[in-house]
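Here is the file coords_9.cif (mmCIF, C-alpha atoms; chains and numbers go by the auth columns).
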data_entry
#
loop_
_atom_site.group_PDB
_atom_site.id
_atom_site.type_symbol
_atom_site.label_atom_id
_atom_site.label_comp_id
_atom_site.label_asym_id
_atom_site.label_seq_id
_atom_site.Cartn_x
_atom_site.Cartn_y
_atom_site.Cartn_z
_atom_site.B_iso_or_equiv
_atom_site.auth_seq_id
_atom_site.auth_asym_id
ATOM 1 C CA MET A 1 42.879 -24.673 0.265 0.00 1 V
ATOM 2 C CA LYS A 2 40.825 -23.822 3.313 0.00 2 V
ATOM 3 C CA THR A 3 41.996 -25.493 6.522 0.00 3 V
ATOM 4 C CA TYR A 4 40.178 -25.737 9.817 0.00 4 V
ATOM 5 C CA SER A 5 41.199 -26.027 13.403 0.00 5 V
ATOM 6 C CA LEU A 6 40.881 -29.442 14.980 0.00 6 V
ATOM 7 C CA SER A 7 39.350 -27.773 18.014 0.00 7 V
ATOM 8 C CA ARG A 8 36.266 -26.750 16.009 0.00 8 V
ATOM 9 C CA PRO A 9 33.493 -29.096 17.166 0.00 9 V
ATOM 10 C CA GLN A 10 30.739 -28.180 14.699 0.00 10 V
ATOM 11 C CA ALA A 11 30.635 -28.933 11.019 0.00 11 V
ATOM 12 C CA VAL A 12 31.869 -26.270 8.662 0.00 12 V
ATOM 13 C CA VAL A 13 29.010 -25.118 6.467 0.00 13 V
ATOM 14 C CA ASN A 14 29.526 -22.665 3.614 0.00 14 V
ATOM 15 C CA ASP A 15 27.844 -19.267 3.806 0.00 15 V
ATOM 16 C CA THR A 16 26.576 -18.500 0.312 0.00 16 V
ATOM 17 C CA HIS A 17 24.297 -20.968 -1.423 0.00 17 V
ATOM 18 C CA ILE A 18 23.070 -19.175 -4.529 0.00 18 V
ATOM 19 C CA SER A 19 25.497 -18.096 -7.224 0.00 19 V
ATOM 20 C CA SER A 20 24.718 -16.034 -10.302 0.00 20 V
ATOM 21 C CA VAL A 21 28.091 -16.917 -11.831 0.00 21 V
ATOM 22 C CA GLU A 22 29.586 -20.191 -13.033 0.00 22 V
ATOM 23 C CA ILE A 23 30.319 -22.827 -10.391 0.00 23 V
ATOM 24 C CA SER A 24 33.443 -24.928 -10.796 0.00 24 V
ATOM 25 C CA PRO A 25 33.072 -28.279 -8.996 0.00 25 V
ATOM 26 C CA ALA A 26 36.800 -28.921 -9.399 0.00 26 V
ATOM 27 C CA ASP A 27 37.747 -25.604 -7.801 0.00 27 V
ATOM 28 C CA LEU A 28 35.335 -26.160 -4.943 0.00 28 V
ATOM 29 C CA LEU A 29 36.748 -29.635 -4.298 0.00 29 V
ATOM 30 C CA LYS A 30 40.277 -28.226 -4.258 0.00 30 V
ATOM 31 C CA GLU A 31 39.241 -25.585 -1.780 0.00 31 V
ATOM 32 C CA TYR A 32 37.099 -27.494 0.704 0.00 32 V
ATOM 33 C CA HIS A 33 38.838 -30.111 2.817 0.00 33 V
ATOM 34 C CA HIS A 34 38.834 -30.955 6.505 0.00 34 V
ATOM 35 C CA PRO A 35 41.717 -32.567 8.428 0.00 35 V
ATOM 36 C CA GLU A 36 39.346 -34.911 10.296 0.00 36 V
ATOM 37 C CA ALA A 37 37.486 -36.090 7.191 0.00 37 V
ATOM 38 C CA GLY A 38 38.530 -39.425 5.716 0.00 38 V
ATOM 39 C CA ALA A 39 35.816 -39.156 3.081 0.00 39 V
ATOM 40 C CA ILE A 40 34.692 -36.317 0.827 0.00 40 V
ATOM 41 C CA VAL A 41 31.757 -36.799 -1.536 0.00 41 V
ATOM 42 C CA LEU A 42 30.981 -34.324 -4.297 0.00 42 V
ATOM 43 C CA PHE A 43 27.744 -34.278 -6.273 0.00 43 V
ATOM 44 C CA SER A 44 27.472 -32.015 -9.290 0.00 44 V
ATOM 45 C CA GLY A 45 24.023 -31.663 -10.839 0.00 45 V
ATOM 46 C CA GLU A 46 24.649 -30.768 -14.465 0.00 46 V
ATOM 47 C CA VAL A 47 22.466 -29.585 -17.299 0.00 47 V
ATOM 48 C CA ARG A 48 21.803 -32.292 -19.856 0.00 48 V
ATOM 49 C CA THR A 49 20.141 -32.335 -23.201 0.00 49 V
ATOM 50 C CA ASP A 50 17.550 -34.863 -24.294 0.00 50 V
ATOM 51 C CA THR A 51 17.465 -37.222 -27.248 0.00 51 V
ATOM 52 C CA GLN A 52 13.812 -36.326 -27.901 0.00 52 V
ATOM 53 C CA LYS A 53 14.148 -32.539 -27.778 0.00 53 V
ATOM 54 C CA GLU A 54 17.525 -30.800 -27.772 0.00 54 V
ATOM 55 C CA VAL A 55 18.096 -28.550 -24.773 0.00 55 V
ATOM 56 C CA LEU A 56 20.308 -25.500 -25.271 0.00 56 V
ATOM 57 C CA TYR A 57 20.353 -24.247 -21.712 0.00 57 V
ATOM 58 C CA LEU A 58 18.401 -23.894 -18.489 0.00 58 V
ATOM 59 C CA ASP A 59 17.563 -20.658 -16.742 0.00 59 V
ATOM 60 C CA TYR A 60 17.086 -20.816 -12.977 0.00 60 V
ATOM 61 C CA GLU A 61 14.758 -18.475 -11.139 0.00 61 V
ATOM 62 C CA VAL A 62 15.357 -18.279 -7.382 0.00 62 V
ATOM 63 C CA HIS A 63 13.618 -16.667 -4.420 0.00 63 V
ATOM 64 C CA VAL A 64 17.083 -15.855 -3.130 0.00 64 V
ATOM 65 C CA PRO A 65 16.621 -14.811 0.526 0.00 65 V
ATOM 66 C CA LEU A 66 14.387 -17.779 1.267 0.00 66 V
ATOM 67 C CA ALA A 67 16.537 -20.236 -0.713 0.00 67 V
ATOM 68 C CA GLU A 68 19.677 -19.101 1.098 0.00 68 V
ATOM 69 C CA LYS A 69 18.014 -19.637 4.447 0.00 69 V
ATOM 70 C CA MET A 70 16.424 -22.975 3.594 0.00 70 V
ATOM 71 C CA ILE A 71 19.572 -24.472 2.083 0.00 71 V
ATOM 72 C CA HIS A 72 21.621 -23.375 5.068 0.00 72 V
ATOM 73 C CA GLU A 73 19.153 -25.032 7.428 0.00 73 V
ATOM 74 C CA ILE A 74 19.223 -28.235 5.366 0.00 74 V
ATOM 75 C CA LEU A 75 23.020 -28.313 5.587 0.00 75 V
ATOM 76 C CA LEU A 76 22.952 -27.775 9.345 0.00 76 V
ATOM 77 C CA GLU A 77 20.389 -30.560 9.789 0.00 77 V
ATOM 78 C CA ALA A 78 22.403 -32.947 7.628 0.00 78 V
ATOM 79 C CA SER A 79 25.599 -32.052 9.486 0.00 79 V
ATOM 80 C CA ALA A 80 23.993 -32.843 12.819 0.00 80 V
ATOM 81 C CA LYS A 81 22.294 -36.032 11.610 0.00 81 V
ATOM 82 C CA TRP A 82 25.430 -37.544 10.045 0.00 82 V
ATOM 83 C CA ASN A 83 28.056 -35.850 12.218 0.00 83 V
ATOM 84 C CA LEU A 84 29.656 -34.222 9.203 0.00 84 V
ATOM 85 C CA LYS A 85 32.921 -32.362 9.338 0.00 85 V
ATOM 86 C CA MET A 86 31.900 -30.158 6.439 0.00 86 V
ATOM 87 C CA ALA A 87 28.872 -29.498 4.221 0.00 87 V
ATOM 88 C CA LEU A 88 28.565 -27.257 1.183 0.00 88 V
ATOM 89 C CA CYS A 89 25.795 -26.554 -1.271 0.00 89 V
ATOM 90 C CA ILE A 90 25.829 -23.959 -4.017 0.00 90 V
ATOM 91 C CA HIS A 91 23.027 -23.644 -6.583 0.00 91 V
ATOM 92 C CA ARG A 92 23.073 -21.468 -9.674 0.00 92 V
ATOM 93 C CA SER A 93 20.678 -18.747 -10.585 0.00 93 V
ATOM 94 C CA GLY A 94 20.400 -17.550 -14.171 0.00 94 V
ATOM 95 C CA ARG A 95 21.523 -19.311 -17.315 0.00 95 V
ATOM 96 C CA VAL A 96 23.418 -22.618 -17.232 0.00 96 V
ATOM 97 C CA ASP A 97 24.495 -24.243 -20.477 0.00 97 V
ATOM 98 C CA VAL A 98 24.516 -27.972 -21.202 0.00 98 V
ATOM 99 C CA SER A 99 27.192 -29.755 -19.146 0.00 99 V
ATOM 100 C CA GLY A 100 27.388 -26.774 -16.811 0.00 100 V
ATOM 101 C CA ALA A 101 27.021 -27.320 -13.073 0.00 101 V
ATOM 102 C CA ALA A 102 23.626 -26.191 -11.800 0.00 102 V
ATOM 103 C CA VAL A 103 24.196 -27.341 -8.228 0.00 103 V
ATOM 104 C CA VAL A 104 27.127 -28.721 -6.236 0.00 104 V
ATOM 105 C CA VAL A 105 26.931 -30.517 -2.894 0.00 105 V
ATOM 106 C CA ILE A 106 30.074 -31.489 -0.991 0.00 106 V
ATOM 107 C CA THR A 107 29.976 -33.494 2.226 0.00 107 V
ATOM 108 C CA ALA A 108 32.902 -34.564 4.370 0.00 108 V
ATOM 109 C CA SER A 109 32.920 -37.016 7.256 0.00 109 V
ATOM 110 C CA ARG A 110 35.251 -39.370 9.042 0.00 110 V
ATOM 111 C CA HIS A 111 33.982 -42.346 7.032 0.00 111 V
ATOM 112 C CA ARG A 112 32.379 -42.662 3.609 0.00 112 V
ATOM 113 C CA LYS A 113 28.927 -43.992 4.627 0.00 113 V
ATOM 114 C CA GLU A 114 27.938 -40.726 6.292 0.00 114 V
ATOM 115 C CA ALA A 115 29.310 -38.562 3.500 0.00 115 V
ATOM 116 C CA PHE A 116 27.390 -40.483 0.810 0.00 116 V
ATOM 117 C CA GLU A 117 24.124 -40.614 2.756 0.00 117 V
ATOM 118 C CA ALA A 118 24.238 -36.964 3.781 0.00 118 V
ATOM 119 C CA ASN A 119 25.043 -35.845 0.269 0.00 119 V
ATOM 120 C CA GLN A 120 22.024 -37.658 -1.140 0.00 120 V
ATOM 121 C CA TYR A 121 19.816 -36.289 1.630 0.00 121 V
ATOM 122 C CA ILE A 122 20.919 -32.716 0.957 0.00 122 V
ATOM 123 C CA ILE A 123 20.419 -32.759 -2.800 0.00 123 V
ATOM 124 C CA HIS A 124 17.056 -34.512 -2.418 0.00 124 V
ATOM 125 C CA ARG A 125 15.792 -31.873 -0.010 0.00 125 V
ATOM 126 C CA VAL A 126 17.176 -28.949 -2.002 0.00 126 V
ATOM 127 C CA LYS A 127 15.518 -30.227 -5.176 0.00 127 V
ATOM 128 C CA HIS A 128 12.169 -30.738 -3.474 0.00 128 V
ATOM 129 C CA GLU A 129 12.028 -27.844 -1.035 0.00 129 V
ATOM 130 C CA ALA A 130 14.214 -24.907 -2.038 0.00 130 V
ATOM 131 C CA PRO A 131 12.343 -22.147 -3.912 0.00 131 V
ATOM 132 C CA ILE A 132 14.243 -22.657 -7.164 0.00 132 V
ATOM 133 C CA TRP A 133 12.709 -23.225 -10.611 0.00 133 V
ATOM 134 C CA LYS A 134 14.220 -24.088 -13.957 0.00 134 V
ATOM 135 C CA ARG A 135 13.055 -23.056 -17.387 0.00 135 V
ATOM 136 C CA GLU A 136 14.318 -25.207 -20.254 0.00 136 V
ATOM 137 C CA TYR A 137 15.245 -23.522 -23.538 0.00 137 V
ATOM 138 C CA PHE A 138 15.177 -25.802 -26.574 0.00 138 V
ATOM 139 C CA ALA A 139 16.935 -25.740 -29.934 0.00 139 V
ATOM 140 C CA ASP A 140 13.563 -25.424 -31.711 0.00 140 V
ATOM 141 C CA GLY A 141 13.071 -22.001 -30.116 0.00 141 V
ATOM 142 C CA THR A 142 10.521 -23.046 -27.531 0.00 142 V
ATOM 143 C CA SER A 143 10.881 -23.045 -23.752 0.00 143 V
ATOM 144 C CA ASP A 144 9.067 -24.634 -20.858 0.00 144 V
ATOM 145 C CA TRP A 145 9.085 -24.566 -17.083 0.00 145 V
ATOM 146 C CA GLY A 146 10.769 -27.674 -15.715 0.00 146 V
ATOM 147 C CA HIS A 147 8.737 -30.267 -13.888 0.00 147 V
ATOM 148 C CA ASN A 148 9.209 -31.328 -10.312 0.00 148 V
ATOM 149 C CA CYS A 149 11.592 -34.124 -9.603 0.00 149 V
ATOM 150 C CA SER A 150 9.827 -37.447 -10.024 0.00 150 V
ATOM 151 C CA CYS A 151 12.271 -39.304 -7.835 0.00 151 V
ATOM 152 C CA SER A 152 11.189 -41.013 -4.636 0.00 152 V
ATOM 153 C CA THR A 153 10.355 -38.729 -1.765 0.00 153 V
ATOM 154 C CA SER A 154 11.286 -41.323 0.861 0.00 154 V
ATOM 155 C CA MET B 1 -0.865 -6.373 0.312 0.00 1 J
ATOM 156 C CA LYS B 2 1.627 -6.995 -2.446 0.00 2 J
ATOM 157 C CA ILE B 3 1.698 -10.492 -3.890 0.00 3 J
ATOM 158 C CA HIS B 4 4.848 -11.799 -5.591 0.00 4 J
ATOM 159 C CA VAL B 5 4.761 -14.942 -7.700 0.00 5 J
ATOM 160 C CA PHE B 6 7.426 -17.062 -9.349 0.00 6 J
ATOM 161 C CA ALA B 7 8.050 -19.327 -12.303 0.00 7 J
ATOM 162 C CA ILE B 8 5.021 -20.962 -13.920 0.00 8 J
ATOM 163 C CA LEU B 9 2.598 -18.811 -11.899 0.00 9 J
ATOM 164 C CA LYS B 10 3.684 -15.919 -14.101 0.00 10 J
ATOM 165 C CA ASP B 11 1.933 -17.671 -16.989 0.00 11 J
ATOM 166 C CA TYR B 12 -1.337 -17.024 -15.148 0.00 12 J
ATOM 167 C CA MET B 13 -0.864 -13.724 -13.312 0.00 13 J
ATOM 168 C CA PRO B 14 1.490 -10.746 -13.098 0.00 14 J
ATOM 169 C CA ALA B 15 4.816 -11.253 -11.305 0.00 15 J
ATOM 170 C CA GLU B 16 3.734 -8.680 -8.705 0.00 16 J
ATOM 171 C CA PHE B 17 0.362 -7.157 -7.961 0.00 17 J
ATOM 172 C CA GLU B 18 -1.689 -5.621 -5.199 0.00 18 J
ATOM 173 C CA LEU B 19 -4.392 -7.730 -3.601 0.00 19 J
ATOM 174 C CA ASP B 20 -7.139 -6.369 -1.382 0.00 20 J
ATOM 175 C CA THR B 21 -6.907 -8.615 1.656 0.00 21 J
ATOM 176 C CA SER B 22 -8.959 -6.449 4.002 0.00 22 J
ATOM 177 C CA SER B 23 -11.528 -9.230 4.424 0.00 23 J
ATOM 178 C CA ILE B 24 -8.912 -11.997 4.659 0.00 24 J
ATOM 179 C CA LYS B 25 -7.588 -13.421 7.898 0.00 25 J
ATOM 180 C CA ASN B 26 -4.918 -15.881 6.935 0.00 26 J
ATOM 181 C CA ILE B 27 -2.884 -17.540 4.176 0.00 27 J
ATOM 182 C CA ALA B 28 -5.725 -19.963 3.394 0.00 28 J
ATOM 183 C CA GLY B 29 -7.883 -16.921 2.669 0.00 29 J
ATOM 184 C CA VAL B 30 -5.222 -15.487 0.381 0.00 30 J
ATOM 185 C CA GLN B 31 -5.127 -18.767 -1.517 0.00 31 J
ATOM 186 C CA GLU B 32 -8.902 -18.763 -1.968 0.00 32 J
ATOM 187 C CA LEU B 33 -8.867 -15.180 -3.148 0.00 33 J
ATOM 188 C CA LEU B 34 -6.161 -15.963 -5.701 0.00 34 J
ATOM 189 C CA LYS B 35 -8.161 -18.936 -6.988 0.00 35 J
ATOM 190 C CA GLN B 36 -11.202 -16.695 -7.480 0.00 36 J
ATOM 191 C CA LYS B 37 -9.175 -13.982 -9.177 0.00 37 J
ATOM 192 C CA PHE B 38 -7.201 -16.408 -11.399 0.00 38 J
ATOM 193 C CA PRO B 39 -9.424 -19.488 -11.904 0.00 39 J
ATOM 194 C CA ALA B 40 -7.127 -20.932 -14.594 0.00 40 J
ATOM 195 C CA ALA B 41 -4.430 -21.272 -11.923 0.00 41 J
ATOM 196 C CA GLU B 42 -6.655 -23.033 -9.398 0.00 42 J
ATOM 197 C CA GLU B 43 -5.021 -26.471 -9.672 0.00 43 J
ATOM 198 C CA LEU B 44 -1.535 -25.001 -9.544 0.00 44 J
ATOM 199 C CA LEU B 45 -2.381 -22.805 -6.557 0.00 45 J
ATOM 200 C CA LYS B 46 -3.470 -25.898 -4.609 0.00 46 J
ATOM 201 C CA SER B 47 0.135 -27.101 -4.609 0.00 47 J
ATOM 202 C CA CYS B 48 1.763 -23.759 -3.818 0.00 48 J
ATOM 203 C CA ARG B 49 3.436 -22.729 -0.596 0.00 49 J
ATOM 204 C CA TYR B 50 3.504 -19.202 0.794 0.00 50 J
ATOM 205 C CA SER B 51 6.280 -17.192 2.355 0.00 51 J
ATOM 206 C CA THR B 52 7.539 -13.823 3.456 0.00 52 J
ATOM 207 C CA GLU B 53 10.881 -12.603 2.128 0.00 53 J
ATOM 208 C CA SER B 54 12.692 -15.263 4.147 0.00 54 J
ATOM 209 C CA GLU B 55 10.259 -17.490 5.972 0.00 55 J
ATOM 210 C CA MET B 56 7.709 -20.108 4.997 0.00 56 J
ATOM 211 C CA LEU B 57 4.182 -19.537 6.261 0.00 57 J
ATOM 212 C CA SER B 58 1.585 -22.081 7.246 0.00 58 J
ATOM 213 C CA VAL B 59 -1.931 -21.881 5.801 0.00 59 J
ATOM 214 C CA ASN B 60 -3.214 -20.873 9.216 0.00 60 J
ATOM 215 C CA GLN B 61 -0.764 -17.996 9.541 0.00 61 J
ATOM 216 C CA GLU B 62 -2.555 -14.718 10.111 0.00 62 J
ATOM 217 C CA ILE B 63 -1.580 -12.065 7.605 0.00 63 J
ATOM 218 C CA THR B 64 -2.403 -8.821 9.399 0.00 64 J
ATOM 219 C CA ASN B 65 1.160 -7.575 9.678 0.00 65 J
ATOM 220 C CA TYR B 66 2.506 -8.604 6.301 0.00 66 J
ATOM 221 C CA GLU B 67 3.007 -6.174 3.447 0.00 67 J
ATOM 222 C CA ASN B 68 4.450 -8.705 1.023 0.00 68 J
ATOM 223 C CA ILE B 69 3.534 -12.333 0.470 0.00 69 J
ATOM 224 C CA PHE B 70 5.389 -14.642 -1.936 0.00 70 J
ATOM 225 C CA VAL B 71 3.609 -17.514 -3.658 0.00 71 J
ATOM 226 C CA ILE B 72 5.937 -20.497 -4.138 0.00 72 J
ATOM 227 C CA PRO B 73 4.971 -23.052 -6.826 0.00 73 J
ATOM 228 C CA PRO B 74 6.409 -26.602 -6.674 0.00 74 J
ATOM 229 C CA SER B 75 10.192 -26.515 -6.894 0.00 75 J
ATOM 230 C CA SER B 76 12.170 -27.683 -9.903 0.00 76 J
ATOM 231 C CA GLY B 77 15.732 -26.904 -8.916 0.00 77 J
ATOM 232 C CA GLY B 78 18.760 -29.107 -9.225 0.00 78 J
#

Please express the file's structure as structure tokens.
Amino acid sequence: MKTYSLSRPQAVVNDTHISSVEISPADLLKEYHHPEAGAIVLFSGEVRTDTQKEVLYLDYEVHVPLAEKMIHEILLEASAKWNLKMALCIHRSGRVDVSGAAVVVITASRHRKEAFEANQYIIHRVKHEAPIWKREYFADGTSDWGHNCSCSTS
Amino acid sequence: MKIHVFAILKDYMPAEFELDTSSIKNIAGVQELLKQKFPAAEELLKSCRYSTESEMLSVNQEITNYENIFVIPPSSGG
């Protein structure tokens, strides 16, 4: 488990945000804690199939240098806005099977309100802004580029 | 100038290609040139962003010093 000095004033933000290998949310949660955080929130965005058309897997294309930079900036902004103790975001590139983790966001703060709000903010911005695209591969042999998130932009 | 595109844009144009931008001043000009060259992608290009290797560019950004421009279609990560 990583531990951090209490004298460190700024939030701890992870360094690498794009991974070409499997992400384990459980391992990340075991590893990332902060002694001043009373709340840790983990979001894992996982590949799901669909009742209408069976999905086998997703393949993520990433403009890596720009995505790394943009995600890091989003984490720093969220850390400052919600006074986080720690912020992490790792997104996959390449193939992710159904029930696999495509993206993990972990936020840690003194109290739970900030950790929840910051976590939602981070994943919303990453989904809408980071140069990452998914292609869905279906059981019927076809594939299609994923559509943008239709969730609220507010 | 070398243009790099991603994702669904590759259904309309090569992943990388050279574009003669000698008469183009800025990113808005690049966008117009791409629309002329690939008219089937016109609607999609309207919603694209543009970047260097590691920095987003505004439509007014002058392109004189850039060798590579990346065309970023709407994201679908997560």

Worksheet item: Care to translate the PyMOL selection byres ((chain V) within 12 of (chain J)) into actual residues of this file, as a VMD selection string?
Response: chain V and resid 18 43 to 48 58 to 71 73 89 to 94 96 100 to 105 122 to 136 143 to 151

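Here CA of Lys81 in chain V is placed at a distance of 20.0 Å from CA of Pro35 in chain V.
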
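Ranking J:Leu9, J:Val30, J:Leu19, J:Leu45 by their shortest atom-to-atom distance to Ile63 in chain J, with only C-alpha atoms included, puts J:Val30 first.
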
In Å and to one decimal, CA of Ile69 in chain J is distant from CA of Ile3 in chain J by 5.1 Å

Of J:Met1, J:Ala28, J:Met13, J:Ala40, the one nearest to Leu57 in chain J when counting only C-alpha atoms is J:Ala28

Exercise on range 1-20 of chain J, axis-aligned box with 8 Å per side, report centre and edge lengths in Å to one decimal, as AutoDock Vina command-line options:
--center_x 0.5 --center_y -13.3 --center_z -8.3 --size_x 31.2 --size_y 31.3 --size_z 33.3

Taking the file as I've supplied it (selection: the PyMOL selection byres ((chain V and resi 32) around 10)), which residues are included? Please answer as a short mmCIF file (atom, residue, chain, number, x, y, z; two decimals) with C-alpha atoms, in the coordinates of the input.
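Generated output (part_24.cif):
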data_model
loop_
_atom_site.label_atom_id
_atom_site.label_comp_id
_atom_site.auth_asym_id
_atom_site.auth_seq_id
_atom_site.Cartn_x
_atom_site.Cartn_y
_atom_site.Cartn_z
CA MET V 1 42.88 -24.67 0.26
CA LYS V 2 40.83 -23.82 3.31
CA THR V 3 42.00 -25.49 6.52
CA TYR V 4 40.18 -25.74 9.82
CA VAL V 12 31.87 -26.27 8.66
CA ASN V 14 29.53 -22.66 3.61
CA ASP V 27 37.75 -25.60 -7.80
CA LEU V 28 35.34 -26.16 -4.94
CA LEU V 29 36.75 -29.64 -4.30
CA LYS V 30 40.28 -28.23 -4.26
CA GLU V 31 39.24 -25.58 -1.78
CA HIS V 33 38.84 -30.11 2.82
CA HIS V 34 38.83 -30.96 6.50
CA ILE V 40 34.69 -36.32 0.83
CA MET V 86 31.90 -30.16 6.44
CA ALA V 87 28.87 -29.50 4.22
CA LEU V 88 28.56 -27.26 1.18
CA ILE V 106 30.07 -31.49 -0.99
CA THR V 107 29.98 -33.49 2.23
CA ALA V 108 32.90 -34.56 4.37
#

* CA of Glu18 in chain J to CA of Ser20 in chain V: how many Å, to one decimal? ->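 Taking CA of Glu18 in chain J and CA of Ser20 in chain V, their separation equals 28.8 Å.
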
Check your understanding: Between J:Asp20, J:Asn68, J:Glu32, J:Lys46, which is the closest to His4 in chain J once you count all atoms listed in the file?
Key ->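 Result for the nearest residue to His4 in chain J: J:Asn68.
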
Between J:Ile24, J:Tyr12, J:Ser58, J:Phe17, smallest distance to Phe38 in chain J by all atoms listed in the file belongs to J:Tyr12

Q.
Under the rule that all atoms listed in the file are counted, which of V:Ser24, V:Thr142, V:Gln120, V:Ser19 is the nearest residue to Ile74 in chain V?
A.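 The answer is V:Gln120, which sits nearest to Ile74 in chain V.
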
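Here the PyMOL selection byres ((chain V and resi 115) around 10) matches the residues V:Ala37, V:Gly38, V:Ala39, V:Ile40, V:Val41, V:Leu42, V:Ala78, V:Ser79, V:Trp82, V:Asn83, V:Leu84, V:Lys85, V:Met86, V:Ala87, V:Ile106, V:Thr107, V:Ala108, V:Ser109, V:Arg110, V:His111, V:Arg112, V:Lys113, V:Glu114, V:Phe116, V:Glu117, V:Ala118, V:Asn119, V:Gln120, V:Tyr121.
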